[in-house]
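Engineer: Next up, run.txt (compact mmCIF, N, CA and C atoms).
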```
# COMPACT_ATOMS: atom_id res chain seq x y z
N MET A 1 49.46 -41.54 -77.83
CA MET A 1 50.54 -40.93 -78.59
C MET A 1 51.10 -41.96 -79.57
N GLU A 2 51.11 -41.61 -80.82
CA GLU A 2 51.50 -42.54 -81.87
C GLU A 2 52.94 -43.03 -81.78
N ASP A 3 53.86 -42.15 -81.39
CA ASP A 3 55.27 -42.52 -81.39
C ASP A 3 55.81 -42.90 -80.01
N CYS A 4 54.95 -43.04 -79.03
CA CYS A 4 55.38 -43.36 -77.66
C CYS A 4 55.56 -44.87 -77.51
N VAL A 5 56.77 -45.29 -77.19
CA VAL A 5 57.07 -46.71 -77.04
C VAL A 5 56.24 -47.35 -75.92
N PHE A 6 56.02 -46.63 -74.82
CA PHE A 6 55.24 -47.21 -73.73
C PHE A 6 53.77 -47.31 -74.10
N CYS A 7 53.24 -46.37 -74.85
CA CYS A 7 51.86 -46.49 -75.34
C CYS A 7 51.73 -47.70 -76.25
N LYS A 8 52.75 -47.96 -77.05
CA LYS A 8 52.73 -49.13 -77.94
C LYS A 8 52.78 -50.42 -77.12
N ILE A 9 53.50 -50.41 -76.01
CA ILE A 9 53.52 -51.59 -75.12
C ILE A 9 52.14 -51.78 -74.49
N VAL A 10 51.53 -50.70 -74.02
CA VAL A 10 50.18 -50.77 -73.44
C VAL A 10 49.19 -51.33 -74.45
N ASN A 11 49.32 -50.91 -75.70
CA ASN A 11 48.41 -51.34 -76.76
C ASN A 11 48.79 -52.68 -77.37
N LYS A 12 49.82 -53.34 -76.81
CA LYS A 12 50.27 -54.67 -77.25
C LYS A 12 50.82 -54.64 -78.68
N GLU A 13 51.29 -53.48 -79.12
CA GLU A 13 51.92 -53.36 -80.44
C GLU A 13 53.40 -53.76 -80.36
N ILE A 14 53.98 -53.66 -79.18
CA ILE A 14 55.36 -54.06 -78.92
C ILE A 14 55.30 -55.06 -77.78
N PRO A 15 55.95 -56.22 -77.94
CA PRO A 15 55.92 -57.22 -76.86
C PRO A 15 56.73 -56.77 -75.65
N SER A 16 56.30 -57.23 -74.49
CA SER A 16 57.03 -56.98 -73.25
C SER A 16 56.75 -58.14 -72.31
N GLN A 17 57.56 -58.25 -71.28
CA GLN A 17 57.37 -59.30 -70.28
C GLN A 17 56.54 -58.72 -69.15
N VAL A 18 55.24 -58.77 -69.32
CA VAL A 18 54.31 -58.20 -68.35
C VAL A 18 54.25 -59.09 -67.12
N VAL A 19 54.36 -58.45 -65.94
CA VAL A 19 54.25 -59.19 -64.68
C VAL A 19 52.98 -58.84 -63.92
N TYR A 20 52.34 -57.73 -64.30
CA TYR A 20 51.09 -57.32 -63.67
C TYR A 20 50.41 -56.29 -64.57
N GLU A 21 49.09 -56.34 -64.60
CA GLU A 21 48.34 -55.27 -65.25
C GLU A 21 46.93 -55.20 -64.67
N ASP A 22 46.41 -53.98 -64.68
CA ASP A 22 45.03 -53.75 -64.29
C ASP A 22 44.47 -52.66 -65.20
N ASP A 23 43.34 -52.09 -64.84
CA ASP A 23 42.72 -51.10 -65.72
C ASP A 23 43.46 -49.76 -65.74
N LYS A 24 44.39 -49.54 -64.80
CA LYS A 24 45.10 -48.26 -64.73
C LYS A 24 46.58 -48.35 -65.10
N VAL A 25 47.22 -49.49 -64.82
CA VAL A 25 48.67 -49.59 -65.01
C VAL A 25 49.08 -50.91 -65.64
N MET A 26 50.31 -50.90 -66.10
CA MET A 26 50.96 -52.11 -66.58
C MET A 26 52.35 -52.14 -65.93
N VAL A 27 52.78 -53.33 -65.54
CA VAL A 27 54.11 -53.52 -64.96
C VAL A 27 54.82 -54.57 -65.81
N PHE A 28 56.03 -54.21 -66.26
CA PHE A 28 56.78 -55.15 -67.09
C PHE A 28 58.26 -55.06 -66.76
N LYS A 29 59.01 -56.10 -67.16
CA LYS A 29 60.44 -56.16 -66.89
C LYS A 29 61.18 -55.14 -67.75
N ASP A 30 62.14 -54.44 -67.13
CA ASP A 30 62.98 -53.50 -67.85
C ASP A 30 63.92 -54.27 -68.78
N LEU A 31 64.12 -53.76 -69.99
CA LEU A 31 64.99 -54.43 -70.96
C LEU A 31 66.47 -54.33 -70.59
N GLU A 32 66.83 -53.34 -69.79
CA GLU A 32 68.21 -53.17 -69.34
C GLU A 32 68.23 -53.09 -67.81
N PRO A 33 67.99 -54.22 -67.14
CA PRO A 33 67.84 -54.19 -65.68
C PRO A 33 69.09 -53.69 -64.96
N GLN A 34 68.85 -52.87 -63.94
CA GLN A 34 69.91 -52.33 -63.11
C GLN A 34 69.94 -53.00 -61.73
N ALA A 35 69.10 -54.01 -61.56
CA ALA A 35 69.03 -54.77 -60.31
C ALA A 35 68.46 -56.14 -60.67
N PRO A 36 68.63 -57.13 -59.80
CA PRO A 36 68.06 -58.45 -60.09
C PRO A 36 66.55 -58.40 -60.38
N ILE A 37 65.84 -57.51 -59.71
CA ILE A 37 64.43 -57.27 -60.00
C ILE A 37 64.32 -55.81 -60.45
N HIS A 38 63.92 -55.60 -61.69
CA HIS A 38 63.79 -54.24 -62.22
C HIS A 38 62.57 -54.21 -63.13
N TYR A 39 61.51 -53.62 -62.60
CA TYR A 39 60.25 -53.48 -63.34
C TYR A 39 60.00 -52.02 -63.65
N LEU A 40 59.26 -51.78 -64.70
CA LEU A 40 58.72 -50.46 -64.98
C LEU A 40 57.24 -50.49 -64.69
N ILE A 41 56.76 -49.51 -63.96
CA ILE A 41 55.33 -49.37 -63.66
C ILE A 41 54.86 -48.14 -64.41
N ILE A 42 53.95 -48.36 -65.37
CA ILE A 42 53.50 -47.25 -66.21
C ILE A 42 51.98 -47.16 -66.20
N PRO A 43 51.46 -45.93 -66.26
CA PRO A 43 50.01 -45.80 -66.40
C PRO A 43 49.60 -46.13 -67.83
N ARG A 44 48.41 -46.68 -67.99
CA ARG A 44 47.89 -46.93 -69.34
C ARG A 44 47.62 -45.62 -70.06
N GLN A 45 47.18 -44.63 -69.31
CA GLN A 45 46.92 -43.31 -69.87
C GLN A 45 48.26 -42.59 -70.05
N HIS A 46 48.41 -41.90 -71.16
CA HIS A 46 49.66 -41.20 -71.43
C HIS A 46 49.73 -39.86 -70.69
N PHE A 47 50.79 -39.70 -69.92
CA PHE A 47 51.20 -38.42 -69.34
C PHE A 47 52.68 -38.30 -69.69
N ASN A 48 53.12 -37.17 -70.20
CA ASN A 48 54.53 -37.02 -70.56
C ASN A 48 55.44 -37.23 -69.36
N SER A 49 55.05 -36.72 -68.22
CA SER A 49 55.84 -36.86 -67.01
C SER A 49 54.94 -36.61 -65.81
N ILE A 50 55.51 -36.70 -64.62
CA ILE A 50 54.75 -36.42 -63.41
C ILE A 50 54.25 -34.98 -63.40
N MET A 51 54.92 -34.11 -64.15
CA MET A 51 54.53 -32.70 -64.23
C MET A 51 53.21 -32.50 -64.98
N ASN A 52 52.77 -33.52 -65.72
CA ASN A 52 51.55 -33.41 -66.52
C ASN A 52 50.36 -34.15 -65.94
N VAL A 53 50.49 -34.67 -64.73
CA VAL A 53 49.37 -35.35 -64.09
C VAL A 53 48.48 -34.28 -63.46
N PRO A 54 47.21 -34.22 -63.88
CA PRO A 54 46.32 -33.18 -63.35
C PRO A 54 46.07 -33.34 -61.85
N ALA A 55 45.89 -32.21 -61.17
CA ALA A 55 45.53 -32.24 -59.76
C ALA A 55 44.27 -33.08 -59.58
N GLY A 56 44.26 -33.90 -58.56
CA GLY A 56 43.11 -34.74 -58.28
C GLY A 56 43.15 -36.11 -58.95
N ASN A 57 44.07 -36.31 -59.90
CA ASN A 57 44.21 -37.62 -60.54
C ASN A 57 44.97 -38.53 -59.57
N ASP A 58 44.49 -39.75 -59.38
CA ASP A 58 45.07 -40.65 -58.38
C ASP A 58 46.09 -41.63 -58.95
N ILE A 59 46.60 -41.41 -60.16
CA ILE A 59 47.47 -42.41 -60.78
C ILE A 59 48.76 -42.64 -60.00
N VAL A 60 49.35 -41.60 -59.45
CA VAL A 60 50.61 -41.79 -58.70
C VAL A 60 50.34 -42.60 -57.43
N GLN A 61 49.26 -42.32 -56.76
CA GLN A 61 48.88 -43.11 -55.58
C GLN A 61 48.68 -44.57 -55.97
N HIS A 62 48.01 -44.81 -57.09
CA HIS A 62 47.79 -46.18 -57.55
C HIS A 62 49.12 -46.87 -57.89
N ILE A 63 50.02 -46.15 -58.53
CA ILE A 63 51.32 -46.72 -58.87
C ILE A 63 52.07 -47.16 -57.61
N PHE A 64 52.03 -46.34 -56.57
CA PHE A 64 52.72 -46.72 -55.33
C PHE A 64 52.03 -47.91 -54.65
N MET A 65 50.72 -48.00 -54.77
CA MET A 65 50.01 -49.17 -54.26
C MET A 65 50.47 -50.44 -55.01
N ILE A 66 50.66 -50.32 -56.31
CA ILE A 66 51.13 -51.46 -57.10
C ILE A 66 52.59 -51.78 -56.76
N ALA A 67 53.40 -50.78 -56.47
CA ALA A 67 54.78 -51.03 -56.05
C ALA A 67 54.80 -51.88 -54.79
N VAL A 68 53.91 -51.59 -53.85
CA VAL A 68 53.82 -52.40 -52.63
C VAL A 68 53.40 -53.83 -52.99
N LYS A 69 52.45 -53.98 -53.91
CA LYS A 69 52.05 -55.33 -54.35
C LYS A 69 53.23 -56.08 -54.95
N MET A 70 54.05 -55.38 -55.74
CA MET A 70 55.21 -56.02 -56.35
C MET A 70 56.21 -56.44 -55.28
N ALA A 71 56.40 -55.60 -54.26
CA ALA A 71 57.32 -55.93 -53.16
C ALA A 71 56.86 -57.19 -52.44
N VAL A 72 55.57 -57.28 -52.19
CA VAL A 72 55.02 -58.48 -51.53
C VAL A 72 55.16 -59.69 -52.44
N LYS A 73 54.79 -59.53 -53.69
CA LYS A 73 54.87 -60.63 -54.67
C LYS A 73 56.29 -61.17 -54.78
N GLU A 74 57.28 -60.28 -54.79
CA GLU A 74 58.68 -60.68 -54.96
C GLU A 74 59.36 -61.02 -53.63
N GLY A 75 58.66 -60.84 -52.51
CA GLY A 75 59.21 -61.18 -51.21
C GLY A 75 60.31 -60.23 -50.74
N VAL A 76 60.25 -58.96 -51.18
CA VAL A 76 61.30 -58.01 -50.81
C VAL A 76 60.79 -56.89 -49.91
N GLY A 77 59.56 -57.00 -49.46
CA GLY A 77 58.98 -55.94 -48.64
C GLY A 77 59.74 -55.69 -47.35
N ASP A 78 60.27 -56.74 -46.75
CA ASP A 78 61.00 -56.58 -45.49
C ASP A 78 62.47 -56.22 -45.71
N GLU A 79 63.07 -56.71 -46.79
CA GLU A 79 64.50 -56.43 -47.00
C GLU A 79 64.74 -55.10 -47.70
N GLY A 80 63.78 -54.62 -48.47
CA GLY A 80 63.90 -53.31 -49.07
C GLY A 80 63.86 -53.30 -50.59
N PHE A 81 63.46 -52.17 -51.11
CA PHE A 81 63.38 -51.96 -52.56
C PHE A 81 63.41 -50.46 -52.80
N ARG A 82 63.50 -50.07 -54.07
CA ARG A 82 63.54 -48.66 -54.43
C ARG A 82 62.53 -48.41 -55.55
N VAL A 83 61.82 -47.28 -55.45
CA VAL A 83 60.91 -46.82 -56.49
C VAL A 83 61.42 -45.46 -56.95
N VAL A 84 61.68 -45.32 -58.26
CA VAL A 84 62.31 -44.12 -58.79
C VAL A 84 61.49 -43.57 -59.96
N ASN A 85 61.34 -42.25 -59.96
CA ASN A 85 60.75 -41.55 -61.10
C ASN A 85 61.74 -40.50 -61.57
N ASN A 86 62.15 -40.60 -62.84
CA ASN A 86 63.00 -39.59 -63.44
C ASN A 86 62.10 -38.62 -64.19
N CYS A 87 62.31 -37.33 -63.98
CA CYS A 87 61.45 -36.33 -64.59
C CYS A 87 62.28 -35.33 -65.38
N GLY A 88 62.04 -35.27 -66.67
CA GLY A 88 62.74 -34.32 -67.54
C GLY A 88 64.12 -34.80 -67.93
N GLU A 89 64.67 -34.14 -68.93
CA GLU A 89 65.97 -34.53 -69.48
C GLU A 89 67.08 -34.53 -68.43
N LEU A 90 67.17 -33.45 -67.65
CA LEU A 90 68.22 -33.39 -66.63
C LEU A 90 67.97 -34.36 -65.48
N GLY A 91 66.73 -34.77 -65.30
CA GLY A 91 66.40 -35.75 -64.27
C GLY A 91 66.62 -37.19 -64.72
N GLY A 92 67.02 -37.36 -65.99
CA GLY A 92 67.31 -38.69 -66.51
C GLY A 92 66.16 -39.39 -67.21
N GLN A 93 65.06 -38.68 -67.46
CA GLN A 93 63.93 -39.30 -68.14
C GLN A 93 64.28 -39.50 -69.61
N THR A 94 64.18 -40.74 -70.09
CA THR A 94 64.52 -41.04 -71.49
C THR A 94 63.30 -41.39 -72.33
N VAL A 95 62.19 -41.74 -71.70
CA VAL A 95 60.94 -42.00 -72.41
C VAL A 95 59.91 -41.02 -71.87
N ASN A 96 59.32 -40.24 -72.75
CA ASN A 96 58.35 -39.22 -72.33
C ASN A 96 56.96 -39.82 -72.14
N HIS A 97 56.88 -40.71 -71.18
CA HIS A 97 55.64 -41.33 -70.70
C HIS A 97 55.90 -41.59 -69.23
N LEU A 98 55.05 -41.06 -68.37
CA LEU A 98 55.23 -41.24 -66.94
C LEU A 98 55.52 -42.70 -66.62
N HIS A 99 56.59 -42.94 -65.88
CA HIS A 99 56.91 -44.29 -65.46
C HIS A 99 57.77 -44.26 -64.21
N PHE A 100 57.66 -45.34 -63.45
CA PHE A 100 58.42 -45.51 -62.23
C PHE A 100 59.21 -46.81 -62.33
N HIS A 101 60.46 -46.77 -61.88
CA HIS A 101 61.29 -47.96 -61.83
C HIS A 101 61.12 -48.60 -60.46
N PHE A 102 60.90 -49.90 -60.44
CA PHE A 102 60.85 -50.70 -59.21
C PHE A 102 62.10 -51.55 -59.23
N LEU A 103 63.01 -51.31 -58.27
CA LEU A 103 64.28 -52.02 -58.22
C LEU A 103 64.42 -52.75 -56.89
N ALA A 104 64.90 -53.99 -56.94
CA ALA A 104 65.07 -54.78 -55.72
C ALA A 104 66.04 -55.92 -55.97
N GLY A 105 66.41 -56.59 -54.90
CA GLY A 105 67.25 -57.77 -55.01
C GLY A 105 68.73 -57.51 -54.80
N ARG A 106 69.08 -56.26 -54.49
CA ARG A 106 70.46 -55.92 -54.16
C ARG A 106 70.44 -54.69 -53.27
N GLU A 107 71.58 -54.40 -52.64
CA GLU A 107 71.67 -53.19 -51.83
C GLU A 107 71.68 -51.97 -52.75
N MET A 108 70.88 -50.99 -52.41
CA MET A 108 70.83 -49.74 -53.17
C MET A 108 71.77 -48.74 -52.50
N LYS A 109 72.60 -48.10 -53.27
CA LYS A 109 73.58 -47.14 -52.76
C LYS A 109 73.00 -45.72 -52.83
N TRP A 110 73.58 -44.82 -52.04
CA TRP A 110 73.19 -43.42 -52.09
C TRP A 110 74.45 -42.57 -51.99
N PRO A 111 74.63 -41.55 -52.77
CA PRO A 111 73.67 -41.08 -53.78
C PRO A 111 73.68 -41.98 -55.01
N PRO A 112 72.54 -42.01 -55.73
CA PRO A 112 72.41 -42.93 -56.85
C PRO A 112 73.20 -42.52 -58.09
N GLY A 113 73.52 -41.23 -58.25
CA GLY A 113 74.31 -40.84 -59.42
C GLY A 113 73.86 -39.56 -60.03
```
Transcribe the structure of this file into structure tokens.

Structural biologist:
Amino acid sequence: MEDCVFCKIVNKEIPSQVVYEDDKVMVFKDLEPQAPIHYLIIPRQHFNSIMNVPAGNDIVQHIFMIAVKMAVKEGVGDEGFRVVNNCGELGGQTVNHLHFHFLAGREMKWPPG
């Protein structure tokens, strides 16, 4: 997608602080962190939201596997972390490219807002 900011990050057209990448995903620091550790985990392939991932596609499973890797890497697997996906305008999605927030390093409250 030509106007998608996350596609531009994947294509290295916009700089980001990448902390992990493989052939399916990229993980980078959020520009407006809401926790001491706040990463975005995005698929390299463009999907507008989780609603557009075809049945049988394993990208969400892969993203959660990478979230576990990030928890281990950051040493927060035992103390806790949060993985969040906002879907649609009312769900708080601001970039129309499937992405998950990985948040850690502080106590997470419920309800989130």

Engineer: Would you mind listing what lies within 8 Å of Val19 in chain A as a list in words, with all atoms listed in the file counted and same-chain residues fewer than 6 positions away left out?

Structural biologist: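 The neighbour list is Met26, Val27, Phe28 and Lys29 of chain A.
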
Engineer: Determine, counting only N, CA and C atoms, which protein, DNA and RNA residues have an atom within 6 Å of an atom of range 99-113 of chain A; residues of the same chain fewer than 4 positions away are not included. Present the result as a list in words.

Structural biologist: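 Contacts, with the query itself left out: Ala35, Pro36, Ile37, His38, Tyr39, Leu40, Ile41, Ile42, Pro43, Gly80, Phe81, Arg82, Val83, Val84, Asn85 and Asn86 of chain A.
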
Engineer: How far is it from CA of Glu2 in chain A to CA of Ser49 in chain A, in Å with one decimal?

Structural biologist: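 That distance, rounded to one decimal, is 16.5 Å.
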
Engineer: Enter the distance from atom C of His46 in chain A to atom N of Glu32 in chain A, in Å, rounded to one decimal.

Structural biologist: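 Computing it gives 21.8 Å between the two atoms.
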
Engineer: Report, in Å to a single decimal, how far apart CA of Asp22 in chain A and CA of His62 in chain A are.

Structural biologist: 10.5 Å

Engineer: Got a sec: who's within 8 Å of Val5 in chain A, counting only N, CA and C atoms, leaving out chain neighbours fewer than 2 positions off, as a PyMOL selection string?

Structural biologist: chain A and resi 1-3+7-11+14+95-97

Engineer: Determine which residues of range 54-104 of chain A receive a DSSP assignment of helix (DSSP H, G or I), computed from the backbone, and state them as a short mmCIF file (atom, residue, chain, number, x, y, z; two decimals) with N, CA and C atoms, keeping the file's coordinate frame.

Structural biologist:
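Written output follows (selection-v1.cif):
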```
data_model
loop_
_atom_site.label_atom_id
_atom_site.label_comp_id
_atom_site.auth_asym_id
_atom_site.auth_seq_id
_atom_site.Cartn_x
_atom_site.Cartn_y
_atom_site.Cartn_z
N ILE A 59 46.60 -41.41 -60.16
CA ILE A 59 47.47 -42.41 -60.78
C ILE A 59 48.76 -42.64 -60.00
N VAL A 60 49.35 -41.60 -59.45
CA VAL A 60 50.61 -41.79 -58.70
C VAL A 60 50.34 -42.60 -57.43
N GLN A 61 49.26 -42.32 -56.76
CA GLN A 61 48.88 -43.11 -55.58
C GLN A 61 48.68 -44.57 -55.97
N HIS A 62 48.01 -44.81 -57.09
CA HIS A 62 47.79 -46.18 -57.55
C HIS A 62 49.12 -46.87 -57.89
N ILE A 63 50.02 -46.15 -58.53
CA ILE A 63 51.32 -46.72 -58.87
C ILE A 63 52.07 -47.16 -57.61
N PHE A 64 52.03 -46.34 -56.57
CA PHE A 64 52.72 -46.72 -55.33
C PHE A 64 52.03 -47.91 -54.65
N MET A 65 50.72 -48.00 -54.77
CA MET A 65 50.01 -49.17 -54.26
C MET A 65 50.47 -50.44 -55.01
N ILE A 66 50.66 -50.32 -56.31
CA ILE A 66 51.13 -51.46 -57.10
C ILE A 66 52.59 -51.78 -56.76
N ALA A 67 53.40 -50.78 -56.47
CA ALA A 67 54.78 -51.03 -56.05
C ALA A 67 54.80 -51.88 -54.79
N VAL A 68 53.91 -51.59 -53.85
CA VAL A 68 53.82 -52.40 -52.63
C VAL A 68 53.40 -53.83 -52.99
N LYS A 69 52.45 -53.98 -53.91
CA LYS A 69 52.05 -55.33 -54.35
C LYS A 69 53.23 -56.08 -54.95
N MET A 70 54.05 -55.38 -55.74
CA MET A 70 55.21 -56.02 -56.35
C MET A 70 56.21 -56.44 -55.28
N ALA A 71 56.40 -55.60 -54.26
CA ALA A 71 57.32 -55.93 -53.16
C ALA A 71 56.86 -57.19 -52.44
N VAL A 72 55.57 -57.28 -52.19
CA VAL A 72 55.02 -58.48 -51.53
C VAL A 72 55.16 -59.69 -52.44
N LYS A 73 54.79 -59.53 -53.69
CA LYS A 73 54.87 -60.63 -54.67
C LYS A 73 56.29 -61.17 -54.78
N GLU A 74 57.28 -60.28 -54.79
CA GLU A 74 58.68 -60.68 -54.96
C GLU A 74 59.36 -61.02 -53.63
#
```

Engineer: Tell me which protein, DNA and RNA residues are within 8 Å of Cys87 in chain A, counting only C-alpha atoms, leaving out same-chain ones fewer than 5 positions away, and put them as a ChimeraX atom specification.

Structural biologist: /A:49-51,92-93
